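Novice: The structure file protein-v5.tsv (TSV, C-alpha atoms) is provided below.
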chain	number	residue	atom	x	y	z
A	444	MET	CA	10.10	9.06	-24.39
A	445	PRO	CA	11.10	11.53	-27.17
A	446	LYS	CA	8.27	12.93	-29.26
A	447	ILE	CA	8.62	12.43	-33.01
A	448	CYS	CA	6.71	14.88	-35.22
A	449	VAL	CA	7.17	14.97	-38.99
A	450	GLY	CA	6.51	18.12	-40.99
A	451	ARG	CA	7.28	20.43	-38.05
A	452	ASP	CA	10.54	22.31	-37.68
A	453	GLU	CA	12.51	22.43	-34.42
A	454	GLU	CA	11.45	25.99	-33.63
A	455	ASP	CA	7.73	25.15	-33.82
A	456	GLN	CA	8.28	21.91	-31.91
A	457	GLU	CA	10.04	23.72	-29.08
A	458	GLU	CA	7.36	26.40	-28.90
A	459	HIS	CA	4.22	24.30	-29.40
A	460	GLY	CA	5.19	20.73	-28.56
A	461	LEU	CA	2.49	18.41	-29.91
A	462	GLU	CA	-0.20	21.07	-30.06
A	463	GLY	CA	-1.80	21.07	-33.50
A	464	THR	CA	-0.67	17.57	-34.50
A	465	GLY	CA	-2.21	14.20	-35.31
A	466	MET	CA	-0.85	10.68	-34.94
A	467	ILE	CA	0.03	8.87	-38.16
A	468	GLY	CA	1.80	5.76	-36.87
A	469	LYS	CA	4.34	4.30	-34.47
A	470	HIS	CA	8.07	3.81	-34.70
A	471	LEU	CA	8.80	0.16	-35.55
A	472	VAL	CA	11.85	-1.10	-33.66
A	473	GLY	CA	13.67	-4.39	-34.31
A	474	GLU	CA	13.24	-6.94	-37.08
A	475	ASN	CA	11.24	-10.09	-37.73
A	476	GLU	CA	10.01	-11.72	-34.48
A	477	GLU	CA	11.66	-9.01	-32.38
A	478	ALA	CA	9.90	-6.15	-34.16
A	479	HIS	CA	7.64	-4.09	-31.92
A	480	MET	CA	5.96	-0.69	-31.99
A	481	ALA	CA	7.51	2.01	-29.83
A	482	ASN	CA	7.18	5.81	-29.98
A	483	PRO	CA	4.08	7.35	-31.59
A	484	ILE	CA	4.76	9.29	-34.80
A	485	TYR	CA	2.90	12.59	-35.05
A	486	PHE	CA	2.45	14.89	-38.06
A	487	ASP	CA	1.95	18.64	-38.17
A	488	LEU	CA	-1.55	20.00	-38.82
A	489	ALA	CA	-1.00	23.63	-37.89
A	490	ARG	CA	0.74	24.63	-41.13
A	491	PRO	CA	0.00	23.85	-44.80
A	492	HIS	CA	1.68	20.78	-46.31
A	493	VAL	CA	1.89	18.70	-49.46
A	494	MET	CA	1.85	15.08	-48.30
A	495	GLY	CA	2.56	12.01	-50.39
A	496	VAL	CA	1.12	8.62	-49.43
A	497	PHE	CA	2.84	6.01	-51.59
A	498	GLY	CA	2.73	2.22	-51.52
A	499	LYS	CA	1.80	-0.91	-53.42
A	500	ARG	CA	-1.76	-2.03	-53.90
A	501	GLY	CA	-3.28	-3.24	-50.64
A	502	THR	CA	-0.74	-1.62	-48.32
A	503	GLY	CA	-3.20	0.80	-46.76
A	504	LYS	CA	-3.02	4.06	-48.75
A	505	SER	CA	-6.77	4.68	-48.74
A	506	TYR	CA	-6.95	3.64	-45.09
A	507	SER	CA	-4.17	6.13	-44.32
A	508	LEU	CA	-6.13	8.94	-45.99
A	509	GLY	CA	-9.05	8.13	-43.72
A	510	THR	CA	-6.72	8.15	-40.70
A	511	ILE	CA	-5.31	11.55	-41.65
A	512	ALA	CA	-8.85	12.94	-42.02
A	513	GLU	CA	-9.88	11.51	-38.64
A	514	GLU	CA	-6.82	13.01	-36.95
A	515	ILE	CA	-7.67	16.44	-38.39
A	516	GLN	CA	-11.22	16.09	-37.06
A	517	THR	CA	-10.09	15.19	-33.53
A	518	SER	CA	-7.14	17.60	-33.31
A	519	ASP	CA	-7.05	20.73	-31.16
A	520	VAL	CA	-6.99	22.86	-34.33
A	521	SER	CA	-10.05	21.23	-35.94
A	522	GLU	CA	-12.19	24.35	-35.52
A	523	ASN	CA	-9.83	26.17	-37.89
A	524	CYS	CA	-9.83	23.38	-40.50
A	525	SER	CA	-12.05	22.01	-43.23
A	526	THR	CA	-11.29	18.57	-44.70
A	527	ILE	CA	-12.29	17.29	-48.15
A	528	ILE	CA	-11.82	13.70	-49.34
A	529	ILE	CA	-12.18	13.07	-53.08
A	530	ASP	CA	-13.70	9.59	-53.00
A	531	SER	CA	-13.18	7.88	-56.38
A	532	MET	CA	-14.16	4.42	-55.12
A	533	GLY	CA	-17.17	5.13	-52.89
A	534	ILE	CA	-15.58	3.78	-49.70
A	535	TYR	CA	-15.41	6.66	-47.24
A	536	TRP	CA	-19.09	6.66	-46.28
A	537	SER	CA	-18.01	3.91	-43.86
A	538	MET	CA	-16.31	6.56	-41.69
A	539	LYS	CA	-19.78	7.32	-40.36
A	540	HIS	CA	-19.72	3.94	-38.57
A	541	PRO	CA	-17.27	2.58	-35.96
A	542	ASN	CA	-14.84	-0.06	-37.25
A	543	ASP	CA	-15.84	-2.78	-34.78
A	544	ARG	CA	-14.37	-5.52	-37.00
A	545	GLN	CA	-10.85	-4.30	-36.23
A	546	ALA	CA	-11.43	-3.43	-32.59
A	547	ARG	CA	-8.68	-5.78	-31.39
A	548	ALA	CA	-6.16	-4.39	-33.85
A	549	LEU	CA	-6.96	-0.87	-32.63
A	550	GLU	CA	-6.09	-1.83	-29.05
A	551	GLN	CA	-2.36	-1.82	-29.84
A	552	TRP	CA	-2.78	1.82	-30.86
A	553	ASP	CA	-4.63	2.64	-27.64
A	554	GLU	CA	-7.64	3.41	-29.80
A	555	LYS	CA	-11.27	2.30	-29.79
A	556	PRO	CA	-13.64	2.10	-32.78
A	557	ALA	CA	-15.35	5.43	-33.36
A	558	ASN	CA	-17.65	7.03	-35.91
A	559	TYR	CA	-17.06	10.43	-37.51
A	560	ASP	CA	-19.52	13.06	-38.63
A	561	ALA	CA	-18.61	12.90	-42.31
A	562	GLU	CA	-20.90	14.63	-44.81
A	563	ILE	CA	-21.29	12.58	-47.99
A	564	TYR	CA	-21.91	14.68	-51.13
A	565	ILE	CA	-22.99	13.29	-54.50
A	566	PRO	CA	-23.73	14.88	-57.92
A	567	ALA	CA	-27.29	16.27	-57.90
A	568	GLY	CA	-28.18	14.41	-61.08
A	569	LYS	CA	-27.26	11.01	-59.60
A	570	VAL	CA	-29.68	10.99	-56.65
A	571	GLN	CA	-32.04	8.45	-58.20
A	572	ARG	CA	-29.20	6.01	-58.89
A	573	PHE	CA	-27.86	6.26	-55.34
A	574	GLU	CA	-31.33	5.74	-53.88
A	575	GLU	CA	-32.11	2.79	-56.16
A	576	GLN	CA	-28.90	1.09	-55.02
A	577	ASP	CA	-29.47	2.11	-51.39
A	578	MET	CA	-26.16	3.98	-51.33
A	579	PRO	CA	-25.85	6.46	-48.43
A	580	TYR	CA	-25.40	10.20	-48.92
A	581	ASP	CA	-26.18	13.42	-47.04
A	582	ASP	CA	-26.38	16.17	-49.65
A	583	THR	CA	-25.82	16.97	-53.33
A	584	PHE	CA	-23.63	19.39	-55.26
A	585	THR	CA	-23.83	21.14	-58.62
A	586	ILE	CA	-21.45	23.06	-60.90
A	587	ASN	CA	-22.31	26.10	-62.99
A	588	PRO	CA	-21.23	25.15	-66.55
A	589	ALA	CA	-20.47	28.80	-67.28
A	590	GLU	CA	-17.55	28.62	-64.84
A	591	LEU	CA	-15.69	26.26	-67.20
A	592	THR	CA	-13.19	27.67	-69.65
A	593	ALA	CA	-13.08	26.40	-73.22
A	594	SER	CA	-9.87	24.56	-72.35
A	595	GLU	CA	-11.54	22.79	-69.40
A	596	TRP	CA	-14.51	21.82	-71.56
A	597	ALA	CA	-12.15	20.46	-74.22
A	598	MET	CA	-10.26	18.28	-71.71
A	599	ALA	CA	-13.49	17.03	-70.13
A	600	LEU	CA	-14.93	16.19	-73.57
A	601	ASP	CA	-11.64	14.65	-74.73
A	602	LEU	CA	-11.20	17.21	-77.49
A	603	ASP	CA	-8.11	18.87	-78.91
A	604	LEU	CA	-8.85	22.60	-78.72
A	605	SER	CA	-6.98	23.11	-82.01
A	606	SER	CA	-9.19	20.57	-83.82
A	607	THR	CA	-12.17	21.72	-85.87
A	608	MET	CA	-14.59	20.62	-83.15
A	609	GLY	CA	-12.41	22.30	-80.51
A	610	ILE	CA	-12.38	25.56	-82.47
A	611	LEU	CA	-16.18	25.50	-82.68
A	612	LEU	CA	-16.39	24.89	-78.92
A	613	ASP	CA	-14.01	27.78	-78.25
A	614	LYS	CA	-16.07	30.16	-80.39
A	615	ILE	CA	-19.30	29.20	-78.60
A	616	ILE	CA	-17.83	29.63	-75.11
A	617	THR	CA	-16.24	32.96	-76.05
A	618	VAL	CA	-19.50	34.40	-77.39
A	619	LEU	CA	-21.60	33.11	-74.46
A	620	SER	CA	-19.09	34.44	-71.93
A	621	ASP	CA	-19.07	37.87	-73.59
A	622	ARG	CA	-22.86	38.05	-73.75
A	623	SER	CA	-23.96	36.31	-70.55
A	624	GLY	CA	-20.96	36.22	-68.22
A	625	THR	CA	-21.56	33.24	-65.93
A	626	ASP	CA	-25.27	32.93	-66.65
A	627	TYR	CA	-25.72	30.25	-69.27
A	628	SER	CA	-26.41	26.50	-69.31
A	629	VAL	CA	-25.25	23.44	-71.23
A	630	ASN	CA	-28.36	23.82	-73.40
A	631	HIS	CA	-27.14	27.27	-74.46
A	632	ILE	CA	-23.81	25.74	-75.49
A	633	ILE	CA	-25.63	23.02	-77.44
A	634	LYS	CA	-27.74	25.62	-79.28
A	635	GLY	CA	-24.53	27.43	-80.15
A	636	THR	CA	-23.28	24.48	-82.21
A	637	SER	CA	-25.59	25.53	-85.07
A	638	LYS	CA	-24.80	29.25	-84.90
A	639	PHE	CA	-21.47	29.06	-86.73
A	640	GLU	CA	-20.61	27.90	-90.25
A	641	PHE	CA	-19.00	24.53	-89.66
A	642	GLU	CA	-19.59	21.22	-91.38
A	643	ASP	CA	-22.69	19.40	-90.21
A	644	GLU	CA	-20.56	16.46	-89.03
A	645	VAL	CA	-18.56	18.75	-86.73
A	646	GLN	CA	-21.67	20.44	-85.32
A	647	LYS	CA	-23.44	17.14	-84.66
A	648	GLY	CA	-20.32	15.61	-83.15
A	649	LEU	CA	-19.92	18.42	-80.64
A	650	GLU	CA	-23.65	18.43	-79.89
A	651	ASN	CA	-23.55	14.70	-79.10
A	652	ARG	CA	-20.64	15.16	-76.70
A	653	LEU	CA	-22.43	17.99	-74.94
A	654	GLN	CA	-25.63	15.94	-74.68
A	655	ASN	CA	-23.56	13.22	-73.00
A	656	ALA	CA	-22.15	15.85	-70.63
A	657	LYS	CA	-25.69	16.64	-69.45
A	658	GLU	CA	-25.93	13.01	-68.33
A	659	TRP	CA	-23.00	13.49	-65.93
A	660	GLY	CA	-25.48	14.96	-63.48
A	661	ILE	CA	-23.11	17.63	-62.18
A	662	PHE	CA	-24.47	20.81	-63.80
A	663	GLY	CA	-26.93	23.25	-62.28
A	664	GLU	CA	-27.81	26.94	-62.43
A	665	GLU	CA	-25.29	27.70	-59.68
A	666	SER	CA	-22.21	26.06	-58.22
A	667	SER	CA	-22.65	24.77	-54.68
A	668	LEU	CA	-19.00	23.85	-54.07
A	669	GLU	CA	-18.78	26.24	-51.11
A	670	LYS	CA	-20.58	23.54	-49.10
A	671	PHE	CA	-17.28	21.67	-48.85
A	672	THR	CA	-15.41	24.34	-46.92
A	673	GLN	CA	-17.49	24.62	-43.76
A	674	ARG	CA	-15.52	25.04	-40.54
A	675	GLU	CA	-14.80	21.74	-38.70
A	676	GLU	CA	-16.56	19.73	-41.44
A	677	LEU	CA	-15.29	16.54	-43.03
A	678	SER	CA	-16.70	16.47	-46.57
A	679	VAL	CA	-16.58	13.31	-48.65
A	680	VAL	CA	-17.11	14.11	-52.34
A	681	ASP	CA	-18.28	10.81	-53.78
A	682	VAL	CA	-17.37	10.70	-57.48
A	683	SER	CA	-17.35	6.90	-57.70
A	684	VAL	CA	-20.48	6.97	-59.87
A	685	PHE	CA	-18.32	8.02	-62.85
A	686	GLY	CA	-16.19	4.87	-62.67
A	687	GLU	CA	-18.21	3.07	-65.36
A	688	MET	CA	-17.87	5.91	-67.88
A	689	SER	CA	-15.12	6.01	-70.49
A	690	SER	CA	-14.61	9.68	-69.64
A	691	GLY	CA	-14.98	9.06	-65.91
A	692	TRP	CA	-11.57	10.37	-64.86
A	693	SER	CA	-12.04	13.51	-66.96
A	694	VAL	CA	-15.32	14.28	-65.18
A	695	ARG	CA	-13.77	13.64	-61.77
A	696	SER	CA	-10.83	15.87	-62.69
A	697	LEU	CA	-13.21	18.59	-63.83
A	698	ILE	CA	-14.92	18.57	-60.42
A	699	VAL	CA	-11.61	18.57	-58.55
A	700	GLY	CA	-10.16	21.31	-60.76
A	701	LEU	CA	-13.10	23.67	-60.26
A	702	LEU	CA	-13.16	22.94	-56.54
A	703	ALA	CA	-9.42	23.60	-56.20
A	704	LYS	CA	-9.68	26.88	-58.14
A	705	ARG	CA	-12.58	28.14	-56.04
A	706	ILE	CA	-10.99	27.21	-52.70
A	707	LEU	CA	-7.63	28.76	-53.54
A	708	ARG	CA	-9.30	31.96	-54.73
A	709	GLU	CA	-11.36	32.21	-51.53
A	710	ARG	CA	-8.40	31.38	-49.28
A	711	MET	CA	-6.26	34.05	-50.97
A	712	ARG	CA	-9.02	36.59	-50.38
A	713	ALA	CA	-9.41	35.42	-46.78
A	714	ARG	CA	-5.66	35.57	-46.19
A	715	ARG	CA	-5.60	39.27	-47.02
A	716	VAL	CA	-8.33	39.89	-44.43
A	717	GLU	CA	-6.49	37.73	-41.88
A	718	GLU	CA	-3.29	39.71	-42.34
A	719	LEU	CA	-5.16	42.90	-41.52
A	720	ASP	CA	-6.74	41.22	-38.49
A	721	GLU	CA	-3.32	40.06	-37.29
A	722	MET	CA	-2.12	43.66	-37.34
A	723	GLU	CA	-5.02	44.53	-35.04
A	724	GLY	CA	-4.36	41.58	-32.74
A	725	ILE	CA	-7.28	39.43	-33.96
A	726	GLU	CA	-6.23	35.77	-34.22
A	727	THR	CA	-9.28	33.94	-35.62
A	728	ASN	CA	-9.12	32.95	-39.28
A	729	GLU	CA	-11.55	34.40	-41.80
A	730	MET	CA	-11.99	31.04	-43.56
A	731	PRO	CA	-10.86	27.61	-42.33
A	732	ILE	CA	-7.59	26.14	-43.52
A	733	VAL	CA	-8.49	23.54	-46.16
A	734	TRP	CA	-7.06	20.04	-46.46
A	735	MET	CA	-7.87	18.15	-49.67
A	736	LEU	CA	-7.14	14.42	-49.74
A	737	ILE	CA	-7.01	12.69	-53.14
A	738	ASP	CA	-6.66	8.97	-53.80
A	739	GLU	CA	-5.35	7.75	-57.18
A	740	ALA	CA	-3.71	11.18	-57.42
A	741	HIS	CA	-1.80	10.35	-60.63
A	742	GLN	CA	-5.14	10.36	-62.46
A	743	PHE	CA	-5.63	14.03	-61.57
A	744	LEU	CA	-1.98	15.17	-61.71
A	745	PRO	CA	-0.35	12.93	-64.32
A	746	ALA	CA	3.34	13.05	-65.17
A	747	GLU	CA	2.42	13.24	-68.86
A	748	GLY	CA	-0.45	15.20	-70.34
A	749	GLU	CA	-3.02	17.32	-68.55
A	750	THR	CA	-6.43	17.00	-66.92
A	751	PRO	CA	-8.84	19.78	-65.90
A	752	ALA	CA	-7.37	19.43	-62.39
A	753	THR	CA	-3.69	19.74	-63.34
A	754	HIS	CA	-3.17	23.50	-63.28
A	755	PRO	CA	-5.43	24.21	-60.25
A	756	LEU	CA	-3.71	21.51	-58.16
A	757	LEU	CA	-0.23	22.61	-59.24
A	758	ARG	CA	-1.10	26.10	-58.00
A	759	TRP	CA	-1.94	24.53	-54.62
A	760	VAL	CA	1.42	22.78	-54.70
A	761	LYS	CA	3.41	25.88	-55.65
A	762	ILE	CA	1.74	28.74	-53.78
A	763	GLY	CA	-0.63	27.04	-51.34
A	764	ARG	CA	1.54	27.51	-48.25
A	765	GLU	CA	0.87	31.25	-47.97
A	766	PRO	CA	-2.94	31.21	-48.41
A	767	GLY	CA	-3.22	28.08	-46.28
A	768	VAL	CA	-4.25	25.02	-48.32
A	769	SER	CA	-2.89	21.51	-47.83
A	770	LEU	CA	-2.87	18.64	-50.29
A	771	VAL	CA	-2.55	14.90	-49.56
A	772	LEU	CA	-1.79	12.82	-52.66
A	773	ALA	CA	-2.04	9.03	-52.54
A	774	THR	CA	-0.96	6.74	-55.37
A	775	GLN	CA	0.58	3.34	-55.97
A	776	GLN	CA	2.42	4.81	-58.97
A	777	PRO	CA	4.40	7.87	-57.80
A	778	ALA	CA	6.45	7.75	-61.03
A	779	LYS	CA	3.23	8.61	-62.88
A	780	LEU	CA	2.57	11.62	-60.62
A	781	ASN	CA	3.44	15.08	-61.94
A	782	PRO	CA	7.12	15.67	-61.01
A	783	ASN	CA	6.36	19.21	-59.81
A	784	ALA	CA	3.92	17.81	-57.26
A	785	LEU	CA	6.24	14.97	-56.33
A	786	SER	CA	9.17	17.29	-55.67
A	787	GLN	CA	7.10	19.52	-53.36
A	788	CYS	CA	5.94	16.75	-50.99
A	789	ASP	CA	7.33	17.77	-47.60
A	790	ILE	CA	5.84	14.74	-45.79
A	791	VAL	CA	6.03	11.30	-47.43
Here is the file; what I need is its structure written in the form of structure tokens.

Specialist:
Amino acid sequence: MPKICVGRDEEDQEEHGLEGTGMIGKHLVGENEEAHMANPIYFDLARPHVMGVFGKRGTGKSYSLGTIAEEIQTSDVSENCSTIIIDSMGIYWSMKHPNDRQARALEQWDEKPANYDAEIYIPAGKVQRFEEQDMPYDDTFTINPAELTASEWAMALDLDLSSTMGILLDKIITVLSDRSGTDYSVNHIIKGTSKFEFEDEVQKGLENRLQNAKEWGIFGEESSLEKFTQREELSVVDVSVFGEMSSGWSVRSLIVGLLAKRILRERMRARRVEELDEMEGIETNEMPIVWMLIDEAHQFLPAEGETPATHPLLRWVKIGREPGVSLVLATQQPAKLNPNALSQCDIV
């Protein structure tokens, strides 16, 4: 039976066979009553990819993201990988439990229900809400507000940076960055609203938006996003708690954008070390290859306009192959996905 592997060129397939792959489906042969599943379809995990998972509502996009993550976890290259799922709907905690309800359906795939050691991360400021609603989680994360640029703050606060309020915000961030580097809090930004000569309405308007930002529950003295890139770990970043907020997608995009920037920066640094190691015959990687899986991807990488995640994710799309980062984008509206990301999908 011929082996079908998408995302892997003939040279790699001849040299490595199915080493470093996962199974994504089976070849469907025939039509209607005569249709039956034949050859397994594998996909490459050994090299970086931009994958697109597209389909109508209810056709299994989110389920497919879970399957891809599980295949990474059980592959023979898992020790060199780290997997991150951006969970906008709060559904992937269920990966910690075997899917016994669909045990019979799994039989046709020669699979049995299994649980996976997924680590569920939530914003540190939302612990009480999760515990009150008996929602499962394993750990929390925080973001250092001083790591945000004025432009990222403006997008997260739904401000035009060229507006009067945006200009005030830009002045505050510039002064704080010059004086304190990355050592200041949201409260410092709020105090800065009264330090410049702007109309009282502008100062109070910006202060109110920043006070609301404190309620997001994501800010702390330090960023703890490095937790998501542990070797062999499957990290589920649960951002579903922002679904009820009018600015919910902006906050989610802010988290994803900062995470993408940090990971790419660290992988580029690690890649330089790895290249030196390769010259000396050392084959282990300095930092695991990172796979980030994003559902409702058009909300983070829209075809029109920008979010705080747009530029960081586009850098993954354009230069991620060399440093070793992979992106899986799922959406029911691919036409609303940024065309630069759409055109770079090498597995669909």

Novice: A:His754, A:Lys469, A:His741, A:Arg712: which is nearest Asp553 (chain A), counting all atoms listed in the file?

Specialist: A:Lys469

Novice: Contacts of region 531-544 of chain A at 10 Å or less, counting all atoms listed in the file, minus same-chain residues fewer than 3 places along, as a ChimeraX atom specification?

Specialist: /A:505-506,508-510,512-513,528,547-549,555-564,578-581,678-686,691-692,695,737-739

Novice: Please give the centre and size of the box around region 660-672 of chain A (axis-aligned, containing every atom listed in the file, 5 Å added per side), with values in Å to one decimal and written as AutoDock Vina command-line options.

Specialist:
--center_x -21.6 --center_y 21.3 --center_z -55.4 --size_x 22.4 --size_y 22.7 --size_z 26.9

Novice: Determine the nearest neighbour of Ser605 (chain A) from the options A:Glu458, A:Phe641, A:Glu664, A:Ala593, counting all atoms listed in the file.

Specialist: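 For Ser605 (chain A), the nearest of the candidates is A:Ala593.
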
Novice: Rank A:Met480, A:Val520, A:Leu668, A:Met466 by their smallest atom-to-atom distance to Ile565 (chain A), using only C-alpha atoms, and report the top residue only.

Specialist: A:Leu668

Novice: Closest to Leu604 (chain A) among A:Ile586, A:Leu649, A:Val699, A:Ile661, using only C-alpha atoms?

Specialist: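 Ranking A:Ile586, A:Leu649, A:Val699, A:Ile661 by distance to Leu604 (chain A), first place goes to A:Leu649.
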
Novice: Have a look at CA of Val791 (chain A) and CA of Asp455 (chain A) and let me know their distance in Å, one decimal.

Specialist: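 That distance, rounded to one decimal, is 19.5 Å.
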
Novice: Within 8 Å of (-1.3, 25.6, -34.5), all atoms listed in the file: residues as number ranges by chain?

Specialist: A: 459, 462-463, 488-490, 520

Novice: Using all atoms listed in the file, which of A:Val771, A:Leu736, A:Ile615, A:Ala567 sits nearest Lys657 (chain A)?

Specialist: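 Residue with the minimum atom-to-atom distance to Lys657 (chain A): A:Ala567.
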
Novice: Nearest to Val496 (chain A) among A:Ser637, A:Asn783, A:Thr592, A:Gln776, with distances taken over all atoms listed in the file: which residue is it?

Specialist: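 Among A:Ser637, A:Asn783, A:Thr592, A:Gln776, it is A:Gln776 that comes nearest to Val496 (chain A).
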
Novice: Region 592-687 of chain A near region 706-710 of chain A within 12 Å: what's each residue's closest atom pair and its distance in Å to one decimal, counting only C-alpha atoms, ordered by chain then ascending residue number, as JSON lines?

Specialist:
{"residue": "A:Leu668", "atom": "CA", "partner": "A:Ile706", "partner_atom": "CA", "distance": 8.8}
{"residue": "A:Glu669", "atom": "CA", "partner": "A:Ile706", "partner_atom": "CA", "distance": 8.0}
{"residue": "A:Lys670", "atom": "CA", "partner": "A:Ile706", "partner_atom": "CA", "distance": 10.9}
{"residue": "A:Phe671", "atom": "CA", "partner": "A:Ile706", "partner_atom": "CA", "distance": 9.2}
{"residue": "A:Thr672", "atom": "CA", "partner": "A:Ile706", "partner_atom": "CA", "distance": 7.8}
{"residue": "A:Gln673", "atom": "CA", "partner": "A:Ile706", "partner_atom": "CA", "distance": 11.4}

Novice: Set the distance at 9 Å and use all atoms listed in the file: which residues neighbour Ala481 (chain A) once local chain neighbours fewer than 2 positions away are removed? I'd like the list as a VMD selection string.

Specialist: chain A and resid 469 to 472 479 483

Novice: Take the point (2.5, 25.4, -58.0) as written in the file and pick out every residue within 12 Å of it, counting only C-alpha atoms; give the list as a list of chain:residue names.

Specialist: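 Residues found, by chain and rising number: A:Val493, A:Leu707, A:Leu744, A:Thr753, A:His754, A:Pro755, A:Leu756, A:Leu757, A:Arg758, A:Trp759, A:Val760, A:Lys761, A:Ile762, A:Gly763, A:Arg764, A:Glu765, A:Val768, A:Leu770, A:Asn781, A:Pro782, A:Asn783, A:Ala784, A:Leu785, A:Ser786, A:Gln787, A:Cys788.
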